[in-house]
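All remarks here apply to the structure that follows.
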Amino acid sequence: MTLSPLVQLGRRLGLGKVKRFIRSRWNERQEAWFQRHQVAFAQDLSFTEMAARFPERNDMHAYAVHYYAHNLPDALRQHRTYYKQSLRGFGENAFHAMWWMLLREYQPGLCLEIGVYRGQVISLWAMIAQIVNFSCEIHGISPFTPLGDAVSVYREDVDYLTDTLNSFKHLNLPAPTLVKALSTEPAAIEHIASHSWDLIYIDGNHDYEIVLADYRLCRDHLAVGGLLVMDDASVNTAFRPPQFSFAGHPGPSQVMAEYAMHELQFLGAIGHNNIFQKI
Ligand SMILES: C[S@@+](CC[C@H](N)C(=O)[O-])C[C@H]1O[C@@H](n2cnc3c(N)ncnc32)[C@H](O)[C@@H]1O
């Protein structure tokens, strides 16, 4: 009797690996289905127009998934491919569409990311600023070590600071200002407090107390009209992630619901990224 190819694969690789393989193939198929051409999503909208036309969280997310495939400049898709290789970055294709729509519309002059990892988001900002042709000063605060938290573990075998700067060189982008510190350390707090930011992206430690400290400091030093984007913050919202997506973690989601939703203007969300404006 011949065994089915899947059973043979299972015996060779182990059940866990086979399950992960099937899940990742299924996710790719589902995302490809979301990316099929859809007339309802075909128009190239600004972030504000998109949020007005598609107020439901799942529709905003579906619009961004579709946008990535049909409207995003090629250079930015290539940037995403570069960061997906060797797992250099996290997130979804749809987030590249989100950053493009946001930066093209708001053109923030002074931008900060908390939690840089290997520089996917800050290098994307630099590239978008070049394409749209506006001046954008980019800062990042991160330990540049494998430091994780209650829900995250990172690779030990990467020199995160050198790796980030090498990627900027590889992509022909001007070097960013990087502060090697935890967001809760004095050097980082002073750095954040000594500027008035047009855009801050919080994607560092995911534990509630740390996210809350990051949120409070950033809220206070965001320029009026500035944007605050909170990553991993859509748990317990109306967002029902498709298989290839993810609603986030409890810590950032709780801070988002308890504070940001009441203190800032909610502009919209793409998957687990929630976008606010200081009024
Ligand atoms: C999820 S990763 C960021 C991913 C990145 N935004 C991207 O899209 O590729 C979180 C990063 O935050 C860093 N981190 C952890 N605790 C931090 C803290 N207290 N302050 C700043 N960064 C922190 C981690 O070491 C890691 O590099």
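Ordering of the structure tokens sets the chain letters (A, B, ...), residue numbers begin anew at 1 in every chain, and ligands are numbered from 1 in the order given.
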
Enumerate the residues of segment 37-161 of chain A with a DSSP assignment of helix (DSSP H, G or I), computed from the backbone, and present them as a ChimeraX atom specification.
/A:39-41,47-53,57-70,74-87,93-106,120-132,160-161

Based on the selection just made, write C-alpha atoms of those residues as a PDB file, in the first residue's frame.
ATOM      1  CA  VAL A  39     -13.759  47.222  -8.553  1.00  0.00           C
ATOM      2  CA  ALA A  40     -14.911  48.431  -5.117  1.00  0.00           C
ATOM      3  CA  PHE A  41     -11.267  48.855  -4.009  1.00  0.00           C
ATOM      4  CA  PHE A  47      -5.932  57.610   3.886  1.00  0.00           C
ATOM      5  CA  THR A  48      -8.695  60.047   4.880  1.00  0.00           C
ATOM      6  CA  GLU A  49     -10.813  59.228   1.823  1.00  0.00           C
ATOM      7  CA  MET A  50     -10.275  55.511   2.420  1.00  0.00           C
ATOM      8  CA  ALA A  51     -11.368  55.735   6.070  1.00  0.00           C
ATOM      9  CA  ALA A  52     -14.450  57.769   5.110  1.00  0.00           C
ATOM     10  CA  ARG A  53     -15.481  55.365   2.368  1.00  0.00           C
ATOM     11  CA  ARG A  57     -12.083  47.854  10.236  1.00  0.00           C
ATOM     12  CA  ASN A  58     -12.192  44.749   8.060  1.00  0.00           C
ATOM     13  CA  ASP A  59     -12.939  46.835   4.966  1.00  0.00           C
ATOM     14  CA  MET A  60     -10.037  49.250   5.653  1.00  0.00           C
ATOM     15  CA  HIS A  61      -7.759  46.242   6.013  1.00  0.00           C
ATOM     16  CA  ALA A  62      -9.094  44.616   2.828  1.00  0.00           C
ATOM     17  CA  TYR A  63      -8.599  47.914   0.966  1.00  0.00           C
ATOM     18  CA  ALA A  64      -4.937  48.066   2.069  1.00  0.00           C
ATOM     19  CA  VAL A  65      -4.326  44.403   1.143  1.00  0.00           C
ATOM     20  CA  HIS A  66      -5.755  45.145  -2.313  1.00  0.00           C
ATOM     21  CA  TYR A  67      -3.851  48.464  -2.552  1.00  0.00           C
ATOM     22  CA  TYR A  68      -0.528  46.694  -1.982  1.00  0.00           C
ATOM     23  CA  ALA A  69      -1.120  44.483  -5.013  1.00  0.00           C
ATOM     24  CA  HIS A  70      -2.570  47.072  -7.405  1.00  0.00           C
ATOM     25  CA  ASP A  74       6.896  49.006  -7.318  1.00  0.00           C
ATOM     26  CA  ALA A  75       9.908  50.246  -5.353  1.00  0.00           C
ATOM     27  CA  LEU A  76       7.934  49.859  -2.125  1.00  0.00           C
ATOM     28  CA  ARG A  77       6.845  46.312  -2.989  1.00  0.00           C
ATOM     29  CA  GLN A  78      10.523  45.531  -3.649  1.00  0.00           C
ATOM     30  CA  HIS A  79      11.367  47.043  -0.258  1.00  0.00           C
ATOM     31  CA  ARG A  80       8.849  44.692   1.372  1.00  0.00           C
ATOM     32  CA  THR A  81      10.328  41.712  -0.498  1.00  0.00           C
ATOM     33  CA  TYR A  82      13.819  42.683   0.719  1.00  0.00           C
ATOM     34  CA  TYR A  83      12.606  42.766   4.344  1.00  0.00           C
ATOM     35  CA  LYS A  84      10.633  39.528   4.034  1.00  0.00           C
ATOM     36  CA  GLN A  85      13.796  37.755   2.879  1.00  0.00           C
ATOM     37  CA  SER A  86      15.573  36.098   5.804  1.00  0.00           C
ATOM     38  CA  LEU A  87      12.711  37.362   8.003  1.00  0.00           C
ATOM     39  CA  ASN A  93       2.112  43.638   3.049  1.00  0.00           C
ATOM     40  CA  ALA A  94      -0.925  45.793   3.827  1.00  0.00           C
ATOM     41  CA  PHE A  95       1.139  47.872   6.280  1.00  0.00           C
ATOM     42  CA  HIS A  96       3.360  49.079   3.422  1.00  0.00           C
ATOM     43  CA  ALA A  97       0.184  50.373   1.762  1.00  0.00           C
ATOM     44  CA  MET A  98      -0.869  52.014   5.047  1.00  0.00           C
ATOM     45  CA  TRP A  99       2.454  53.873   5.456  1.00  0.00           C
ATOM     46  CA  TRP A 100       2.375  55.000   1.827  1.00  0.00           C
ATOM     47  CA  MET A 101      -1.159  56.406   2.173  1.00  0.00           C
ATOM     48  CA  LEU A 102      -0.368  58.092   5.496  1.00  0.00           C
ATOM     49  CA  LEU A 103       2.986  59.648   4.571  1.00  0.00           C
ATOM     50  CA  ARG A 104       1.865  60.740   1.110  1.00  0.00           C
ATOM     51  CA  GLU A 105      -1.100  62.551   2.673  1.00  0.00           C
ATOM     52  CA  TYR A 106       0.385  64.008   5.892  1.00  0.00           C
ATOM     53  CA  GLN A 120      11.935  47.897   8.029  1.00  0.00           C
ATOM     54  CA  VAL A 121       9.570  50.727   8.935  1.00  0.00           C
ATOM     55  CA  ILE A 122      12.046  53.599   9.253  1.00  0.00           C
ATOM     56  CA  SER A 123      13.699  52.711   5.921  1.00  0.00           C
ATOM     57  CA  LEU A 124      10.252  52.524   4.332  1.00  0.00           C
ATOM     58  CA  TRP A 125       9.489  56.035   5.627  1.00  0.00           C
ATOM     59  CA  ALA A 126      12.779  57.307   4.163  1.00  0.00           C
ATOM     60  CA  MET A 127      11.984  55.736   0.813  1.00  0.00           C
ATOM     61  CA  ILE A 128       8.436  57.141   0.713  1.00  0.00           C
ATOM     62  CA  ALA A 129       9.767  60.633   1.544  1.00  0.00           C
ATOM     63  CA  GLN A 130      12.143  60.343  -1.427  1.00  0.00           C
ATOM     64  CA  ILE A 131       9.396  59.194  -3.796  1.00  0.00           C
ATOM     65  CA  VAL A 132       6.850  61.799  -2.668  1.00  0.00           C
ATOM     66  CA  TYR A 160      20.825  44.836  15.066  1.00  0.00           C
ATOM     67  CA  LEU A 161      22.468  48.266  14.860  1.00  0.00           C
TER      68      LEU A 161
END

Might you pull out every residue within 7 Å of Phe276 of chain A, with only C-alpha atoms counted and same-chain residues fewer than 4 positions away left off, and present them as a PDB file with N, CA and C atoms, in the first residue's frame?
ATOM      1  N   LEU A 227       0.627  62.524  14.122  1.00  0.00           N
ATOM      2  CA  LEU A 227       0.007  61.184  14.099  1.00  0.00           C
ATOM      3  C   LEU A 227       0.704  60.251  15.083  1.00  0.00           C
ATOM      4  N   LEU A 228      -0.104  59.435  15.753  1.00  0.00           N
ATOM      5  CA  LEU A 228       0.426  58.370  16.606  1.00  0.00           C
ATOM      6  C   LEU A 228      -0.124  57.047  16.073  1.00  0.00           C
ATOM      7  N   VAL A 229       0.784  56.137  15.741  1.00  0.00           N
ATOM      8  CA  VAL A 229       0.350  54.831  15.242  1.00  0.00           C
ATOM      9  C   VAL A 229       0.736  53.790  16.288  1.00  0.00           C
ATOM     10  N   LEU A 264      -7.202  60.950  21.984  1.00  0.00           N
ATOM     11  CA  LEU A 264      -6.768  61.368  20.647  1.00  0.00           C
ATOM     12  C   LEU A 264      -7.899  61.100  19.655  1.00  0.00           C
ATOM     13  N   GLN A 265      -7.728  61.660  18.468  1.00  0.00           N
ATOM     14  CA  GLN A 265      -8.742  61.439  17.419  1.00  0.00           C
ATOM     15  C   GLN A 265      -8.386  60.155  16.659  1.00  0.00           C
ATOM     16  N   PHE A 266      -9.298  59.190  16.666  1.00  0.00           N
ATOM     17  CA  PHE A 266      -9.065  57.943  15.935  1.00  0.00           C
ATOM     18  C   PHE A 266      -9.309  58.189  14.443  1.00  0.00           C
ATOM     19  N   LEU A 267      -8.286  57.927  13.608  1.00  0.00           N
ATOM     20  CA  LEU A 267      -8.439  58.168  12.163  1.00  0.00           C
ATOM     21  C   LEU A 267      -8.799  56.904  11.407  1.00  0.00           C
TER      22      LEU A 267
END

At a cut-off of 7 Å and counting only C-alpha atoms and all ligand atoms, what residues surround ligand 1? Please answer as a PDB file with N, CA and C atoms, in the first residue's frame.
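Generated output (part00.pdb):
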ATOM      1  N   ARG A  88      13.681  39.609   7.794  1.00  0.00           N
ATOM      2  CA  ARG A  88      14.271  40.846   8.331  1.00  0.00           C
ATOM      3  C   ARG A  88      13.237  41.745   8.999  1.00  0.00           C
ATOM      4  N   GLY A  89      11.943  41.503   8.718  1.00  0.00           N
ATOM      5  CA  GLY A  89      10.930  42.397   9.291  1.00  0.00           C
ATOM      6  C   GLY A  89       9.638  41.656   9.587  1.00  0.00           C
ATOM      7  N   PHE A  90       8.786  42.304  10.360  1.00  0.00           N
ATOM      8  CA  PHE A  90       7.501  41.715  10.744  1.00  0.00           C
ATOM      9  C   PHE A  90       6.383  42.351   9.926  1.00  0.00           C
ATOM     10  N   GLY A  91       5.158  42.090  10.341  1.00  0.00           N
ATOM     11  CA  GLY A  91       4.010  42.796   9.768  1.00  0.00           C
ATOM     12  C   GLY A  91       3.483  42.161   8.500  1.00  0.00           C
ATOM     13  N   ILE A 114       9.527  53.735  17.922  1.00  0.00           N
ATOM     14  CA  ILE A 114      10.014  53.041  19.129  1.00  0.00           C
ATOM     15  C   ILE A 114       9.945  51.543  18.823  1.00  0.00           C
ATOM     16  N   GLY A 115      11.106  50.873  18.836  1.00  0.00           N
ATOM     17  CA  GLY A 115      11.157  49.433  18.516  1.00  0.00           C
ATOM     18  C   GLY A 115      11.508  49.248  17.055  1.00  0.00           C
ATOM     19  N   VAL A 116      12.822  49.377  16.747  1.00  0.00           N
ATOM     20  CA  VAL A 116      13.253  49.444  15.332  1.00  0.00           C
ATOM     21  C   VAL A 116      13.464  48.063  14.722  1.00  0.00           C
ATOM     22  N   TYR A 117      13.834  47.090  15.536  1.00  0.00           N
ATOM     23  CA  TYR A 117      14.214  45.748  15.080  1.00  0.00           C
ATOM     24  C   TYR A 117      15.312  45.868  14.020  1.00  0.00           C
ATOM     25  N   ARG A 118      15.026  45.610  12.724  1.00  0.00           N
ATOM     26  CA  ARG A 118      16.074  45.691  11.695  1.00  0.00           C
ATOM     27  C   ARG A 118      15.804  46.822  10.690  1.00  0.00           C
ATOM     28  N   GLY A 119      14.899  47.740  11.082  1.00  0.00           N
ATOM     29  CA  GLY A 119      14.776  48.976  10.302  1.00  0.00           C
ATOM     30  C   GLY A 119      13.778  48.957   9.156  1.00  0.00           C
ATOM     31  N   GLN A 120      12.878  47.965   9.148  1.00  0.00           N
ATOM     32  CA  GLN A 120      11.935  47.897   8.029  1.00  0.00           C
ATOM     33  C   GLN A 120      11.097  49.179   7.910  1.00  0.00           C
ATOM     34  N   VAL A 121      10.528  49.615   9.017  1.00  0.00           N
ATOM     35  CA  VAL A 121       9.570  50.727   8.935  1.00  0.00           C
ATOM     36  C   VAL A 121      10.279  52.062   8.711  1.00  0.00           C
ATOM     37  N   ILE A 141      14.303  54.562  18.253  1.00  0.00           N
ATOM     38  CA  ILE A 141      14.782  54.220  19.603  1.00  0.00           C
ATOM     39  C   ILE A 141      14.584  52.726  19.797  1.00  0.00           C
ATOM     40  N   SER A 142      15.669  52.018  20.128  1.00  0.00           N
ATOM     41  CA  SER A 142      15.582  50.568  20.256  1.00  0.00           C
ATOM     42  C   SER A 142      16.815  50.089  21.002  1.00  0.00           C
ATOM     43  N   PRO A 143      16.743  48.932  21.672  1.00  0.00           N
ATOM     44  CA  PRO A 143      17.956  48.444  22.350  1.00  0.00           C
ATOM     45  C   PRO A 143      19.001  47.940  21.353  1.00  0.00           C
ATOM     46  N   PHE A 144      18.580  47.603  20.149  1.00  0.00           N
ATOM     47  CA  PHE A 144      19.458  46.994  19.143  1.00  0.00           C
ATOM     48  C   PHE A 144      20.172  45.760  19.704  1.00  0.00           C
ATOM     49  N   THR A 145      19.409  45.010  20.491  1.00  0.00           N
ATOM     50  CA  THR A 145      19.819  43.693  21.002  1.00  0.00           C
ATOM     51  C   THR A 145      18.607  42.785  20.765  1.00  0.00           C
ATOM     52  N   PRO A 146      18.706  41.487  21.090  1.00  0.00           N
ATOM     53  CA  PRO A 146      17.524  40.617  20.884  1.00  0.00           C
ATOM     54  C   PRO A 146      16.475  40.760  21.992  1.00  0.00           C
ATOM     55  N   LEU A 147      16.515  41.829  22.757  1.00  0.00           N
ATOM     56  CA  LEU A 147      15.602  41.943  23.908  1.00  0.00           C
ATOM     57  C   LEU A 147      14.130  41.801  23.484  1.00  0.00           C
ATOM     58  N   GLY A 148      13.440  40.851  24.127  1.00  0.00           N
ATOM     59  CA  GLY A 148      12.025  40.626  23.823  1.00  0.00           C
ATOM     60  C   GLY A 148      11.138  41.046  24.982  1.00  0.00           C
ATOM     61  N   ASP A 149       9.984  40.420  25.100  1.00  0.00           N
ATOM     62  CA  ASP A 149       9.038  40.734  26.176  1.00  0.00           C
ATOM     63  C   ASP A 149       8.172  39.507  26.415  1.00  0.00           C
ATOM     64  N   ALA A 181      18.785  52.515  23.173  1.00  0.00           N
ATOM     65  CA  ALA A 181      18.292  52.542  24.561  1.00  0.00           C
ATOM     66  C   ALA A 181      16.896  51.934  24.603  1.00  0.00           C
ATOM     67  N   LEU A 182      16.465  51.534  25.780  1.00  0.00           N
ATOM     68  CA  LEU A 182      15.060  51.174  25.972  1.00  0.00           C
ATOM     69  C   LEU A 182      14.266  52.469  26.025  1.00  0.00           C
ATOM     70  N   SER A 183      13.032  52.417  25.608  1.00  0.00           N
ATOM     71  CA  SER A 183      12.215  53.639  25.592  1.00  0.00           C
ATOM     72  C   SER A 183      12.002  54.206  26.997  1.00  0.00           C
ATOM     73  N   THR A 184      12.208  53.372  28.019  1.00  0.00           N
ATOM     74  CA  THR A 184      11.988  53.816  29.400  1.00  0.00           C
ATOM     75  C   THR A 184      13.273  54.331  30.053  1.00  0.00           C
ATOM     76  N   ASP A 203       6.078  50.540  18.608  1.00  0.00           N
ATOM     77  CA  ASP A 203       6.154  49.099  18.297  1.00  0.00           C
ATOM     78  C   ASP A 203       7.355  48.487  19.023  1.00  0.00           C
ATOM     79  N   GLY A 204       7.519  48.841  20.314  1.00  0.00           N
ATOM     80  CA  GLY A 204       8.660  48.326  21.075  1.00  0.00           C
ATOM     81  C   GLY A 204       8.245  47.154  21.950  1.00  0.00           C
ATOM     82  N   ASN A 205       8.322  47.362  23.264  1.00  0.00           N
ATOM     83  CA  ASN A 205       7.916  46.336  24.221  1.00  0.00           C
ATOM     84  C   ASN A 205       6.379  46.230  24.216  1.00  0.00           C
ATOM     85  N   ILE A 210       4.743  49.038  30.023  1.00  0.00           N
ATOM     86  CA  ILE A 210       5.735  49.719  29.158  1.00  0.00           C
ATOM     87  C   ILE A 210       5.003  50.441  28.016  1.00  0.00           C
TER      88      ILE A 210
END

Could you give me, as number ranges by chain, the residues within 10 Å of Leu222 of chain A, counting only C-alpha atoms and dropping anything in the same chain fewer than 6 positions from it?
A: 110-111, 192-193, 195-200, 228, 277-278

Generate the output file for the selected residues, C-alpha atoms, as a PDB file, in the first residue's frame.
ATOM      1  CA  LEU A 110       9.888  64.688  12.085  1.00  0.00           C
ATOM      2  CA  CYS A 111       9.259  60.970  12.641  1.00  0.00           C
ATOM      3  CA  ILE A 192      11.568  61.995  22.941  1.00  0.00           C
ATOM      4  CA  ALA A 193      10.857  64.930  25.244  1.00  0.00           C
ATOM      5  CA  HIS A 195      11.298  67.220  20.156  1.00  0.00           C
ATOM      6  CA  SER A 196       7.808  67.874  18.893  1.00  0.00           C
ATOM      7  CA  TRP A 197       7.061  64.905  16.622  1.00  0.00           C
ATOM      8  CA  ASP A 198       4.864  64.837  13.527  1.00  0.00           C
ATOM      9  CA  LEU A 199       4.642  61.039  13.531  1.00  0.00           C
ATOM     10  CA  ILE A 200       5.369  58.438  16.207  1.00  0.00           C
ATOM     11  CA  LEU A 228       0.426  58.370  16.606  1.00  0.00           C
ATOM     12  CA  GLN A 277      -4.179  62.301  15.507  1.00  0.00           C
ATOM     13  CA  LYS A 278      -3.502  64.849  18.243  1.00  0.00           C
TER      14      LYS A 278
END

Closest to Arg29 of chain A among A:Met261, A:His272, A:Gln243, A:Asp207, using only C-alpha atoms?
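Closest to Arg29 of chain A, using only C-alpha atoms: A:Gln243.
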
Between A:Ile189, A:Ile270, A:Leu45, A:Ile138, which is the closest to Glu92 of chain A once you count only C-alpha atoms?
A:Ile270

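For segment 196-237 of chain A, backbone-based DSSP assignment of strand (DSSP E) covers A:Trp197, A:Asp198, A:Leu199, A:Ile200, A:Tyr201, A:Ile202, A:Leu222, A:Ala223, A:Val224, A:Gly225, A:Gly226, A:Leu227, A:Leu228, A:Val229, A:Met230.
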
Based on the selection just made, write N, CA and C atoms of those residues as a short mmCIF file (atom, residue, chain, number, x, y, z; two decimals), in the first residue's frame.
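Result file is out02.cif:
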data_model
loop_
_atom_site.label_atom_id
_atom_site.label_comp_id
_atom_site.auth_asym_id
_atom_site.auth_seq_id
_atom_site.Cartn_x
_atom_site.Cartn_y
_atom_site.Cartn_z
N TRP A 197 7.07 65.87 17.73
CA TRP A 197 7.06 64.90 16.62
C TRP A 197 5.81 65.04 15.75
N ASP A 198 6.02 64.84 14.46
CA ASP A 198 4.86 64.84 13.53
C ASP A 198 4.28 63.43 13.36
N LEU A 199 5.10 62.43 13.64
CA LEU A 199 4.64 61.04 13.53
C LEU A 199 5.42 60.20 14.53
N ILE A 200 4.70 59.41 15.33
CA ILE A 200 5.37 58.44 16.21
C ILE A 200 4.70 57.09 16.02
N TYR A 201 5.54 56.08 15.90
CA TYR A 201 5.05 54.70 15.75
C TYR A 201 5.54 53.92 16.98
N ILE A 202 4.59 53.43 17.77
CA ILE A 202 4.97 52.66 18.97
C ILE A 202 4.89 51.16 18.65
N LEU A 222 3.89 64.80 21.02
CA LEU A 222 3.41 64.78 19.63
C LEU A 222 2.98 66.22 19.30
N ALA A 223 3.33 66.69 18.11
CA ALA A 223 2.89 68.03 17.70
C ALA A 223 1.37 68.02 17.52
N VAL A 224 0.76 69.18 17.68
CA VAL A 224 -0.68 69.26 17.37
C VAL A 224 -0.85 68.96 15.88
N GLY A 225 -1.75 68.06 15.57
CA GLY A 225 -1.91 67.62 14.17
C GLY A 225 -1.06 66.40 13.86
N GLY A 226 -0.14 66.04 14.80
CA GLY A 226 0.75 64.89 14.58
C GLY A 226 0.01 63.56 14.69
N LEU A 227 0.63 62.52 14.12
CA LEU A 227 0.01 61.18 14.10
C LEU A 227 0.70 60.25 15.08
N LEU A 228 -0.10 59.44 15.75
CA LEU A 228 0.43 58.37 16.61
C LEU A 228 -0.12 57.05 16.07
N VAL A 229 0.78 56.14 15.74
CA VAL A 229 0.35 54.83 15.24
C VAL A 229 0.74 53.79 16.29
N MET A 230 -0.25 53.03 16.73
CA MET A 230 -0.01 52.00 17.75
C MET A 230 -0.12 50.62 17.09
#

Computed interatomic separation between atom CA of Ser46 of chain A and atom CA of Pro108 of chain A (Å)
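So the two atoms, atom CA of Ser46 of chain A and atom CA of Pro108 of chain A, lie 14.8 Å apart.
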
Smallest atom-to-atom distance to Pro242 of chain A: which of A:Trp26, A:Phe134, A:Phe21, A:Tyr215, using only C-alpha atoms?
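Counting only C-alpha atoms, the residue closest to Pro242 of chain A is A:Trp26.
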
Just give me the gap between atom CA of Gly109 of chain A and atom CA of His170 of chain A in Å, one decimal is fine.
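Between atom CA of Gly109 of chain A and atom CA of His170 of chain A the gap works out to 23.3 Å.
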